[in-house]
Amino acid sequence: MIKLIVGTQWGDEGKGRAAHFESKNASIVVRSTGGNNAGHTVVANGKKYAMHLLPSAIIRDGVTSIIAPGVVIDPEVLISEIDEMDKAGIKITKDRLKISERAHLILPHHKMLDNLYEELKENKVGTTKRGIGPCYAEKCNRSGLRMFDLVDRTNLKNKLEGSLKIANALFREFGYDEISIESEYELCLNSAKRLEPFICDTQSILMEANEKGENIIVEGAQALYLDLDHGDYPYVTSSNPNASGIASGAGIGPSKVDEVIGVLKAYSSRVGEGPFTTEQKNEIGDTIRELGHEYGTTTGRPRRCGWLDLVMIKNACFINGLTSLCVNHMDTIGKLGEIKVCVGYEYKGNKITYIPIDRENCKPIYETFEGWEVNNNMTSFDMLPENAKKYINFIEDYTKVKVKYIGIGADEKQTIVK
Ligand code: IMO
Ligand code: MG
């Protein structure tokens, strides 16, 4: 079985938690798009783990974690994540982690370019400044460096020279310090020392596991509305984190996929700039932020918060071909006495249920629900309060997709299987 796990909103929906939960019966978990702009938190076995590049199942014994061709890797971040795991008692052996030789390298000049572009842009994206966009841009320009260049270093210096010629011209022009080839070369050599054992061909591993009938999970990063083609361009990331994109980034064809799970929060949150129709820039938004601990795992920024937007989720069901949904933070949103859900938009005098390109001109049309309280004794859907069941049933009726998992707390144990 091959299962994909994707975000249906603007990220931070709990994809890592869902991927770790699903990995119980899997032999492989793959991260296949984005980089350390992602922040995935898992609370399991009484411990909290935060991952940025490593797949969430890295903490599970017996599972092989793959960082696939579609990922962009900051080697220093990856090495420090490996070290952090070591400190937490999880030894990252070469059986536990495989890194594709095709994945691209994020180097210091990409991070500086990320800063420079943001500084110069009229409409700031609010990126994580981790060098993601400039690294993908160089990849598309066919001048990027890949993990393979750490292993076979024949052309490493030449390639660095090519990249830095362009980057340094910009740095000079805009008053930034230039980066020397030697410093990036040394960084590459040091990274190679640590990462070489993990770098390999990941495609053959996936194909072999699939032939043997083993279970493979692909853990998405980011989310549909941060998708380069289907999100709120230009307020998006530089990859395609939709289901087809993450399958492609991993090296898996569409007909090989058995299940696609879309993860959402029972409300909405967003970091960075861009349209947010149901945003609550008021006491309601502040309450959601505090109750849901809505501060970025990657940048620590307070997240913008608002009501659940089902127009977005329904669109996400189609684009991703979702077969089921995982609704998180049902405990959080239940604590609000009155809860709103967006079921359509008022746009140019009409009621619509699609997402127009200028969605900043949409006004939300809401349905109202009453709150609820959950506790840890509630271990099945039937045990949930009537109001919570109504909310979940409404999501299913609206989207025509079944809810499979319901999160009622940060700990993985607080997951209800419907
Ligand atoms: P996970 O996997 C939330 C947002 C950034 C910014 C935009 C572009 O944890 O859900 P980038 O650095 O990618 O060029 O920034 O995308 N962003 C995320 N927001 N969760 C994420 O990942 C994100 N990854 C990128 O805040 O608005
Ligand atoms: Mg996150």
# chains A, B, ... in the order shown; residues from 1 in each chain; ligands from 1
call {"tool": "closest_atom_pairs", "arguments": {"of": "chain A", "to": "ligand 1", "cutoff": "9 Å", "atoms": "only C-alpha atoms and all ligand atoms", "output": "CSV"}}
result
residue,atom,partner,partner_atom_place_in_ligand_line,distance
A:Gly7,CA,ligand 1,10 (O),6.8
A:Gln9,CA,ligand 1,10 (O),8.7
A:Trp10,CA,ligand 1,3 (C),5.7
A:Gly11,CA,ligand 1,10 (O),3.2
A:Asp12,CA,ligand 1,10 (O),3.8
A:Glu13,CA,ligand 1,10 (O),6.3
A:Gly14,CA,ligand 1,10 (O),7.5
A:Lys15,CA,ligand 1,10 (O),7.2
A:Gly16,CA,ligand 1,2 (O),8.0
A:Gly34,CA,ligand 1,13 (O),7.1
A:Gly35,CA,ligand 1,13 (O),8.0
A:Asn36,CA,ligand 1,24 (N),7.9
A:Asn37,CA,ligand 1,24 (N),4.5
A:Ala38,CA,ligand 1,22 (O),3.6
A:Gly39,CA,ligand 1,9 (O),3.8
A:His40,CA,ligand 1,9 (O),5.4
A:Thr41,CA,ligand 1,9 (O),8.5
A:His52,CA,ligand 1,9 (O),7.7
A:Asp114,CA,ligand 1,14 (O),7.8
A:Val125,CA,ligand 1,27 (O),5.8
A:Gly126,CA,ligand 1,27 (O),4.9
A:Thr127,CA,ligand 1,15 (O),3.3
A:Thr128,CA,ligand 1,12 (O),3.7
A:Lys129,CA,ligand 1,12 (O),5.4
A:Arg130,CA,ligand 1,12 (O),5.7
A:Gly131,CA,ligand 1,12 (O),6.9
A:Ile132,CA,ligand 1,14 (O),5.3
A:Gly133,CA,ligand 1,14 (O),5.1
A:Pro134,CA,ligand 1,14 (O),8.5
A:Gly220,CA,ligand 1,2 (O),7.0
A:Ala221,CA,ligand 1,2 (O),3.6
A:Gln222,CA,ligand 1,10 (O),3.8
A:Ala223,CA,ligand 1,10 (O),6.2
A:Leu226,CA,ligand 1,16 (O),5.8
A:Asp227,CA,ligand 1,16 (O),8.7
A:Pro234,CA,ligand 1,8 (C),8.7
A:Tyr235,CA,ligand 1,27 (O),6.0
A:Val236,CA,ligand 1,7 (C),4.8
A:Thr237,CA,ligand 1,13 (O),3.9
A:Ser238,CA,ligand 1,14 (O),6.0
A:Ser239,CA,ligand 1,13 (O),8.1
A:Ser269,CA,ligand 1,3 (C),8.5
A:Arg270,CA,ligand 1,19 (N),6.4
A:Val271,CA,ligand 1,26 (O),4.5
A:Gly272,CA,ligand 1,27 (O),3.5
A:Glu273,CA,ligand 1,27 (O),5.6
A:Gly274,CA,ligand 1,27 (O),7.5
A:Gly296,CA,ligand 1,3 (C),7.5
A:Thr297,CA,ligand 1,9 (O),7.2
A:Thr298,CA,ligand 1,9 (O),7.4
A:Thr299,CA,ligand 1,26 (O),8.4
A:Arg301,CA,ligand 1,26 (O),8.8
A:Arg303,CA,ligand 1,3 (C),8.8
call {"tool": "write_last_selection", "arguments": {"atoms": "C-alpha atoms", "output": "PDB file, in the first residue's frame"}}
result
ATOM      1  CA  GLY A   7      -1.926  19.522   4.008  1.00  0.00           C
ATOM      2  CA  GLN A   9      -4.839  24.553   4.234  1.00  0.00           C
ATOM      3  CA  TRP A  10      -1.724  26.731   4.716  1.00  0.00           C
ATOM      4  CA  GLY A  11       0.469  24.255   6.555  1.00  0.00           C
ATOM      5  CA  ASP A  12       0.873  23.226  10.179  1.00  0.00           C
ATOM      6  CA  GLU A  13      -2.212  20.997  10.055  1.00  0.00           C
ATOM      7  CA  GLY A  14      -0.506  18.069  11.811  1.00  0.00           C
ATOM      8  CA  LYS A  15       0.886  16.150   8.837  1.00  0.00           C
ATOM      9  CA  GLY A  16       3.862  14.901  10.853  1.00  0.00           C
ATOM     10  CA  GLY A  34      10.093  21.463   0.434  1.00  0.00           C
ATOM     11  CA  GLY A  35      12.895  21.695   2.929  1.00  0.00           C
ATOM     12  CA  ASN A  36      13.409  23.029   6.413  1.00  0.00           C
ATOM     13  CA  ASN A  37      10.667  25.588   5.893  1.00  0.00           C
ATOM     14  CA  ALA A  38       8.536  22.742   7.302  1.00  0.00           C
ATOM     15  CA  GLY A  39       8.111  22.190  11.011  1.00  0.00           C
ATOM     16  CA  HIS A  40       6.545  18.892  12.021  1.00  0.00           C
ATOM     17  CA  THR A  41       5.836  18.077  15.641  1.00  0.00           C
ATOM     18  CA  HIS A  52      12.163  20.003   9.811  1.00  0.00           C
ATOM     19  CA  ASP A 114      16.044  34.729   0.163  1.00  0.00           C
ATOM     20  CA  VAL A 125       5.856  36.864   0.755  1.00  0.00           C
ATOM     21  CA  GLY A 126       6.913  36.475   4.378  1.00  0.00           C
ATOM     22  CA  THR A 127       9.126  33.477   3.591  1.00  0.00           C
ATOM     23  CA  THR A 128      10.832  31.444   6.286  1.00  0.00           C
ATOM     24  CA  LYS A 129      14.162  32.823   4.937  1.00  0.00           C
ATOM     25  CA  ARG A 130      15.564  29.326   4.786  1.00  0.00           C
ATOM     26  CA  GLY A 131      16.715  29.698   1.150  1.00  0.00           C
ATOM     27  CA  ILE A 132      13.943  27.493  -0.227  1.00  0.00           C
ATOM     28  CA  GLY A 133      12.825  29.696  -3.158  1.00  0.00           C
ATOM     29  CA  PRO A 134      16.327  30.610  -4.411  1.00  0.00           C
ATOM     30  CA  GLY A 220       3.723  15.959   2.701  1.00  0.00           C
ATOM     31  CA  ALA A 221       5.117  19.284   3.807  1.00  0.00           C
ATOM     32  CA  GLN A 222       3.449  22.699   3.407  1.00  0.00           C
ATOM     33  CA  ALA A 223      -0.054  22.524   1.946  1.00  0.00           C
ATOM     34  CA  LEU A 226       1.061  27.254  -0.439  1.00  0.00           C
ATOM     35  CA  ASP A 227       1.327  25.322  -3.732  1.00  0.00           C
ATOM     36  CA  PRO A 234       2.677  34.868  -5.022  1.00  0.00           C
ATOM     37  CA  TYR A 235       2.113  34.124  -1.315  1.00  0.00           C
ATOM     38  CA  VAL A 236       3.180  30.510  -1.718  1.00  0.00           C
ATOM     39  CA  THR A 237       6.222  28.308  -1.355  1.00  0.00           C
ATOM     40  CA  SER A 238       8.365  27.259  -4.321  1.00  0.00           C
ATOM     41  CA  SER A 239       7.292  23.618  -4.668  1.00  0.00           C
ATOM     42  CA  SER A 269      -4.125  29.295  10.539  1.00  0.00           C
ATOM     43  CA  ARG A 270      -1.542  30.898   8.322  1.00  0.00           C
ATOM     44  CA  VAL A 271       2.017  32.214   8.738  1.00  0.00           C
ATOM     45  CA  GLY A 272       3.362  34.749   6.306  1.00  0.00           C
ATOM     46  CA  GLU A 273       1.440  37.078   4.023  1.00  0.00           C
ATOM     47  CA  GLY A 274      -1.496  36.409   1.687  1.00  0.00           C
ATOM     48  CA  GLY A 296       5.508  28.649  14.214  1.00  0.00           C
ATOM     49  CA  THR A 297       7.678  25.570  14.870  1.00  0.00           C
ATOM     50  CA  THR A 298      10.206  26.870  12.338  1.00  0.00           C
ATOM     51  CA  THR A 299      10.301  30.633  12.863  1.00  0.00           C
ATOM     52  CA  ARG A 301       6.134  33.677  14.417  1.00  0.00           C
ATOM     53  CA  ARG A 303       0.221  32.422  13.348  1.00  0.00           C
TER      54      ARG A 303
END
call {"tool": "select_by_dssp", "arguments": {"residues": "segment 57-278 of chain A", "states": "strand (DSSP E or B)", "output": "tab-separated table (two decimals) with C-alpha atoms, in the first residue's frame"}}
result
chain	number	residue	atom	x	y	z
A	64	THR	CA	13.36	3.50	6.91
A	65	SER	CA	13.11	7.25	6.39
A	66	ILE	CA	13.77	8.58	2.91
A	67	ILE	CA	14.52	12.15	1.87
A	71	VAL	CA	13.44	17.90	-1.33
A	72	VAL	CA	15.88	20.79	-0.96
A	73	ILE	CA	18.39	20.08	1.81
A	97	LEU	CA	17.93	7.20	6.88
A	98	LYS	CA	18.40	7.32	3.10
A	99	ILE	CA	18.99	10.58	1.26
A	100	SER	CA	18.50	10.79	-2.48
A	104	HIS	CA	19.29	19.65	-4.17
A	105	LEU	CA	21.57	21.43	-1.71
A	146	ARG	CA	22.83	18.06	-5.65
A	199	ILE	CA	23.37	9.37	0.23
A	200	CYS	CA	22.16	6.78	-2.28
A	216	ILE	CA	5.04	3.21	2.07
A	217	ILE	CA	3.92	6.55	3.47
A	218	VAL	CA	4.72	9.87	1.83
A	219	GLU	CA	4.64	12.69	4.38
A	259	GLU	CA	-4.83	6.28	-0.29
A	260	VAL	CA	-4.55	10.05	-0.01
A	261	ILE	CA	-5.20	11.51	3.43
A	262	GLY	CA	-5.85	15.25	3.70
A	263	VAL	CA	-5.00	16.81	7.05
A	264	LEU	CA	-6.81	19.91	8.32
A	265	LYS	CA	-7.29	21.82	11.50
A	268	SER	CA	-7.57	27.85	9.94
A	269	SER	CA	-4.13	29.29	10.54
A	270	ARG	CA	-1.54	30.90	8.32
call {"tool": "residues_around", "arguments": {"residues": "Met85 of chain A", "least_positions_apart": "5", "cutoff": "9 Å", "atoms": "only C-alpha atoms", "output": "ChimeraX atom specification"}}
result
/A:49,58-59,80,90-92
call {"tool": "closest_atom_pairs", "arguments": {"of": "segment 91-142 of chain A", "to": "segment 149-170 of chain A", "cutoff": "12 Å", "atoms": "only C-alpha atoms", "output": "JSON lines"}}
result
{"residue": "A:Ile99", "atom": "CA", "partner": "A:Leu150", "partner_atom": "CA", "distance": 11.8}
{"residue": "A:Ser100", "atom": "CA", "partner": "A:Val151", "partner_atom": "CA", "distance": 11.5}
{"residue": "A:Glu101", "atom": "CA", "partner": "A:Asp149", "partner_atom": "CA", "distance": 8.1}
{"residue": "A:Arg102", "atom": "CA", "partner": "A:Asp149", "partner_atom": "CA", "distance": 9.3}
{"residue": "A:Ala103", "atom": "CA", "partner": "A:Asp149", "partner_atom": "CA", "distance": 10.2}
{"residue": "A:His104", "atom": "CA", "partner": "A:Asp149", "partner_atom": "CA", "distance": 9.4}
{"residue": "A:Leu105", "atom": "CA", "partner": "A:Asp149", "partner_atom": "CA", "distance": 9.0}
{"residue": "A:Ile106", "atom": "CA", "partner": "A:Ser163", "partner_atom": "CA", "distance": 11.7}
{"residue": "A:Leu107", "atom": "CA", "partner": "A:Leu160", "partner_atom": "CA", "distance": 9.7}
{"residue": "A:Pro108", "atom": "CA", "partner": "A:Leu164", "partner_atom": "CA", "distance": 10.2}
{"residue": "A:His109", "atom": "CA", "partner": "A:Ala167", "partner_atom": "CA", "distance": 6.7}
{"residue": "A:His110", "atom": "CA", "partner": "A:Ala167", "partner_atom": "CA", "distance": 8.3}
{"residue": "A:Lys111", "atom": "CA", "partner": "A:Ala167", "partner_atom": "CA", "distance": 10.8}
{"residue": "A:Met112", "atom": "CA", "partner": "A:Ala167", "partner_atom": "CA", "distance": 8.9}
{"residue": "A:Leu113", "atom": "CA", "partner": "A:Ala167", "partner_atom": "CA", "distance": 7.3}
{"residue": "A:Asp114", "atom": "CA", "partner": "A:Ala167", "partner_atom": "CA", "distance": 11.0}
{"residue": "A:Asn115", "atom": "CA", "partner": "A:Leu170", "partner_atom": "CA", "distance": 12.0}
{"residue": "A:Leu116", "atom": "CA", "partner": "A:Leu170", "partner_atom": "CA", "distance": 8.8}
{"residue": "A:Tyr117", "atom": "CA", "partner": "A:Leu170", "partner_atom": "CA", "distance": 10.1}
{"residue": "A:Leu120", "atom": "CA", "partner": "A:Leu170", "partner_atom": "CA", "distance": 11.5}
{"residue": "A:Pro134", "atom": "CA", "partner": "A:Ala167", "partner_atom": "CA", "distance": 10.0}
{"residue": "A:Cys135", "atom": "CA", "partner": "A:Ser163", "partner_atom": "CA", "distance": 10.4}
{"residue": "A:Ala137", "atom": "CA", "partner": "A:Ser163", "partner_atom": "CA", "distance": 11.4}
{"residue": "A:Glu138", "atom": "CA", "partner": "A:Ser163", "partner_atom": "CA", "distance": 8.1}
{"residue": "A:Lys139", "atom": "CA", "partner": "A:Ser163", "partner_atom": "CA", "distance": 10.8}
{"residue": "A:Asn141", "atom": "CA", "partner": "A:Ser163", "partner_atom": "CA", "distance": 10.5}
{"residue": "A:Arg142", "atom": "CA", "partner": "A:Ser163", "partner_atom": "CA", "distance": 10.5}
call {"tool": "residues_around", "arguments": {"residues": "Leu187 of chain A", "least_positions_apart": "5", "cutoff": "9 Å", "atoms": "only C-alpha atoms", "output": "list in words"}}
result
Pro75, Glu76, Leu107, Glu182 and Ala192 of chain A
call {"tool": "select_by_dssp", "arguments": {"residues": "segment 177-289 of chain A", "states": "alpha helix (DSSP H)", "output": "JSON, numbers by chain"}}
result
{"A": [181, 182, 183, 184, 185, 186, 187, 188, 189, 190, 191, 192, 193, 194, 195, 202, 203, 204, 205, 206, 207, 208, 209, 210, 211, 243, 244, 245, 246, 247, 248, 249, 250, 283, 284, 285, 286, 287, 288, 289]}
call {"tool": "write_last_selection", "arguments": {"atoms": "C-alpha atoms", "output": "mmCIF file, in the first residue's frame"}}
result
data_model
loop_
_atom_site.group_PDB
_atom_site.id
_atom_site.type_symbol
_atom_site.label_atom_id
_atom_site.label_comp_id
_atom_site.auth_asym_id
_atom_site.auth_seq_id
_atom_site.Cartn_x
_atom_site.Cartn_y
_atom_site.Cartn_z
ATOM 1 C CA ILE A 181 33.907 29.874 -2.981
ATOM 2 C CA GLU A 182 36.281 28.506 -0.352
ATOM 3 C CA SER A 183 33.743 28.926 2.460
ATOM 4 C CA GLU A 184 30.964 27.088 0.586
ATOM 5 C CA TYR A 185 33.453 24.475 -0.632
ATOM 6 C CA GLU A 186 34.575 23.796 2.917
ATOM 7 C CA LEU A 187 30.984 23.598 4.075
ATOM 8 C CA CYS A 188 30.362 21.000 1.357
ATOM 9 C CA LEU A 189 33.411 18.955 2.381
ATOM 10 C CA ASN A 190 32.397 18.995 6.037
ATOM 11 C CA SER A 191 28.825 18.073 5.143
ATOM 12 C CA ALA A 192 30.040 15.267 2.906
ATOM 13 C CA LYS A 193 31.984 13.754 5.812
ATOM 14 C CA ARG A 194 28.787 13.430 7.836
ATOM 15 C CA LEU A 195 26.165 12.786 5.168
ATOM 16 C CA THR A 202 16.280 6.025 -3.210
ATOM 17 C CA GLN A 203 14.176 5.056 -6.246
ATOM 18 C CA SER A 204 15.334 1.430 -6.200
ATOM 19 C CA ILE A 205 14.543 1.189 -2.471
ATOM 20 C CA LEU A 206 10.975 2.356 -3.064
ATOM 21 C CA MET A 207 10.460 0.043 -6.036
ATOM 22 C CA GLU A 208 11.798 -2.959 -4.170
ATOM 23 C CA ALA A 209 9.633 -2.267 -1.115
ATOM 24 C CA ASN A 210 6.584 -1.849 -3.344
ATOM 25 C CA GLU A 211 7.286 -5.125 -5.143
ATOM 26 C CA ALA A 243 -0.682 15.031 -3.705
ATOM 27 C CA SER A 244 0.585 14.692 -7.287
ATOM 28 C CA GLY A 245 3.559 16.886 -6.431
ATOM 29 C CA ILE A 246 4.584 14.889 -3.391
ATOM 30 C CA ALA A 247 4.172 11.601 -5.265
ATOM 31 C CA SER A 248 6.284 12.983 -8.093
ATOM 32 C CA GLY A 249 8.924 14.322 -5.690
ATOM 33 C CA ALA A 250 9.175 10.859 -4.163
ATOM 34 C CA GLU A 283 -10.300 38.439 20.294
ATOM 35 C CA ILE A 284 -11.556 35.260 18.595
ATOM 36 C CA GLY A 285 -8.321 34.919 16.597
ATOM 37 C CA ASP A 286 -6.266 35.631 19.728
ATOM 38 C CA THR A 287 -8.196 32.997 21.679
ATOM 39 C CA ILE A 288 -7.663 30.379 18.976
ATOM 40 C CA ARG A 289 -3.934 31.235 18.857
#
call {"tool": "closest_residue", "arguments": {"among": "A:Pro385, A:Gly70, A:Gly300, A:Gly175", "to": "ligand 2", "atoms": "only C-alpha atoms and all ligand atoms"}}
result
A:Gly300
call {"tool": "residues_around", "arguments": {"residues": "segment 328-333 of chain A", "least_positions_apart": "5", "cutoff": "6 Å", "atoms": "only C-alpha atoms", "output": "list of chain:residue names"}}
result
A:Lys265, A:Ala266, A:Leu291, A:Gly292, A:Val374, A:Ile406, A:Gly407, A:Ile408
call {"tool": "residues_around", "arguments": {"residues": "Asn315 of chain A", "least_positions_apart": "5", "cutoff": "9 Å", "atoms": "only C-alpha atoms", "output": "VMD selection string"}}
result
chain A and resid 8 310 320 354 to 355 399
call {"tool": "closest_residue", "arguments": {"among": "A:Tyr295, A:Gly231, A:Val29, A:Glu338", "to": "ligand 2", "atoms": "only C-alpha atoms and all ligand atoms"}}
result
A:Tyr295
call {"tool": "atom_distance", "arguments": {"atom1": "atom CA of Val42 of chain A", "atom2": "atom CA of Arg17 of chain A"}}
result
5.0 Å
call {"tool": "closest_residue", "arguments": {"among": "A:Tyr225, A:Asp61, A:Glu294, A:Ser23", "to": "ligand 2", "atoms": "only C-alpha atoms and all ligand atoms"}}
result
A:Glu294
call {"tool": "closest_residue", "arguments": {"among": "A:Phe174, A:His293, A:Met312, A:Asn242", "to": "ligand 2", "atoms": "only C-alpha atoms and all ligand atoms"}}
result
A:His293
call {"tool": "atom_distance", "arguments": {"atom1": "atom CA of Glu118 of chain A", "atom2": "atom CA of Asp232 of chain A"}}
result
17.0 Å
call {"tool": "decode", "arguments": {"residues": "segment 95-105 of chain A", "atoms": "all heavy atoms", "output": "mmCIF file, in the first residue's frame"}}
result
data_model
loop_
_atom_site.group_PDB
_atom_site.id
_atom_site.type_symbol
_atom_site.label_atom_id
_atom_site.label_comp_id
_atom_site.auth_asym_id
_atom_site.auth_seq_id
_atom_site.Cartn_x
_atom_site.Cartn_y
_atom_site.Cartn_z
ATOM 1 N N ASP A 95 20.787 2.543 7.852
ATOM 2 C CA ASP A 95 19.573 1.768 7.549
ATOM 3 C C ASP A 95 18.326 2.582 7.862
ATOM 4 O O ASP A 95 17.268 2.381 7.287
ATOM 5 C CB ASP A 95 19.533 0.487 8.392
ATOM 6 C CG ASP A 95 20.620 -0.475 7.959
ATOM 7 O OD1 ASP A 95 20.953 -0.458 6.759
ATOM 8 O OD2 ASP A 95 21.147 -1.205 8.824
ATOM 9 N N ARG A 96 18.484 3.495 8.803
ATOM 10 C CA ARG A 96 17.334 4.271 9.250
ATOM 11 C C ARG A 96 17.051 5.459 8.334
ATOM 12 O O ARG A 96 15.903 5.884 8.204
ATOM 13 C CB ARG A 96 17.615 4.777 10.664
ATOM 14 C CG ARG A 96 16.388 5.122 11.438
ATOM 15 C CD ARG A 96 16.752 5.260 12.911
ATOM 16 N NE ARG A 96 15.545 5.466 13.670
ATOM 17 C CZ ARG A 96 15.230 4.763 14.752
ATOM 18 N NH1 ARG A 96 16.015 3.829 15.208
ATOM 19 N NH2 ARG A 96 14.119 5.018 15.387
ATOM 20 N N LEU A 97 18.094 6.001 7.713
ATOM 21 C CA LEU A 97 17.928 7.196 6.875
ATOM 22 C C LEU A 97 18.605 7.036 5.525
ATOM 23 O O LEU A 97 19.771 6.655 5.439
ATOM 24 C CB LEU A 97 18.532 8.423 7.599
ATOM 25 C CG LEU A 97 18.507 9.739 6.812
ATOM 26 C CD1 LEU A 97 17.071 10.218 6.591
ATOM 27 C CD2 LEU A 97 19.306 10.826 7.542
ATOM 28 N N LYS A 98 17.850 7.346 4.468
ATOM 29 C CA LYS A 98 18.403 7.316 3.103
ATOM 30 C C LYS A 98 18.118 8.676 2.469
ATOM 31 O O LYS A 98 16.978 9.155 2.506
ATOM 32 C CB LYS A 98 17.702 6.235 2.258
ATOM 33 C CG LYS A 98 17.652 4.863 2.916
ATOM 34 C CD LYS A 98 18.931 4.107 2.698
ATOM 35 C CE LYS A 98 18.846 2.701 3.297
ATOM 36 N NZ LYS A 98 20.164 2.062 3.347
ATOM 37 N N ILE A 99 19.155 9.264 1.901
ATOM 38 C CA ILE A 99 18.994 10.579 1.264
ATOM 39 C C ILE A 99 19.250 10.432 -0.231
ATOM 40 O O ILE A 99 20.294 9.915 -0.636
ATOM 41 C CB ILE A 99 20.003 11.598 1.843
ATOM 42 C CG1 ILE A 99 19.878 11.683 3.376
ATOM 43 C CG2 ILE A 99 19.806 12.970 1.219
ATOM 44 C CD1 ILE A 99 21.006 12.471 4.038
ATOM 45 N N SER A 100 18.338 10.912 -1.032
ATOM 46 C CA SER A 100 18.500 10.788 -2.475
ATOM 47 C C SER A 100 19.665 11.626 -2.971
ATOM 48 O O SER A 100 19.813 12.800 -2.607
ATOM 49 C CB SER A 100 17.234 11.234 -3.198
ATOM 50 O OG SER A 100 17.513 11.349 -4.586
ATOM 51 N N GLU A 101 20.452 11.017 -3.862
ATOM 52 C CA GLU A 101 21.571 11.765 -4.456
ATOM 53 C C GLU A 101 21.058 12.851 -5.413
ATOM 54 O O GLU A 101 21.807 13.728 -5.823
ATOM 55 C CB GLU A 101 22.527 10.798 -5.172
ATOM 56 C CG GLU A 101 21.842 9.825 -6.093
ATOM 57 C CD GLU A 101 22.672 8.565 -6.387
ATOM 58 O OE1 GLU A 101 23.726 8.376 -5.781
ATOM 59 O OE2 GLU A 101 22.228 7.782 -7.243
ATOM 60 N N ARG A 102 19.776 12.790 -5.744
ATOM 61 C CA ARG A 102 19.193 13.791 -6.656
ATOM 62 C C ARG A 102 18.680 15.037 -5.927
ATOM 63 O O ARG A 102 18.365 16.042 -6.568
ATOM 64 C CB ARG A 102 18.016 13.179 -7.417
ATOM 65 C CG ARG A 102 18.432 12.114 -8.384
ATOM 66 C CD ARG A 102 17.218 11.379 -8.947
ATOM 67 N NE ARG A 102 17.654 10.236 -9.717
ATOM 68 C CZ ARG A 102 17.939 10.273 -11.009
ATOM 69 N NH1 ARG A 102 17.787 11.390 -11.690
ATOM 70 N NH2 ARG A 102 18.362 9.203 -11.640
ATOM 71 N N ALA A 103 18.509 14.955 -4.613
ATOM 72 C CA ALA A 103 17.977 16.099 -3.869
ATOM 73 C C ALA A 103 18.960 17.263 -3.945
ATOM 74 O O ALA A 103 20.176 17.055 -3.948
ATOM 75 C CB ALA A 103 17.739 15.702 -2.416
ATOM 76 N N HIS A 104 18.426 18.471 -4.013
ATOM 77 C CA HIS A 104 19.292 19.651 -4.170
ATOM 78 C C HIS A 104 19.779 20.193 -2.832
ATOM 79 O O HIS A 104 19.133 20.012 -1.800
ATOM 80 C CB HIS A 104 18.558 20.738 -4.956
ATOM 81 C CG HIS A 104 18.626 20.494 -6.438
ATOM 82 N ND1 HIS A 104 19.291 21.328 -7.293
ATOM 83 C CD2 HIS A 104 18.142 19.478 -7.186
ATOM 84 C CE1 HIS A 104 19.203 20.840 -8.527
ATOM 85 N NE2 HIS A 104 18.504 19.718 -8.487
ATOM 86 N N LEU A 105 20.916 20.875 -2.906
ATOM 87 C CA LEU A 105 21.568 21.428 -1.713
ATOM 88 C C LEU A 105 21.203 22.900 -1.530
ATOM 89 O O LEU A 105 21.314 23.690 -2.478
ATOM 90 C CB LEU A 105 23.080 21.377 -1.908
ATOM 91 C CG LEU A 105 23.858 20.157 -1.445
ATOM 92 C CD1 LEU A 105 25.296 20.263 -1.954
ATOM 93 C CD2 LEU A 105 23.872 20.063 0.071
#
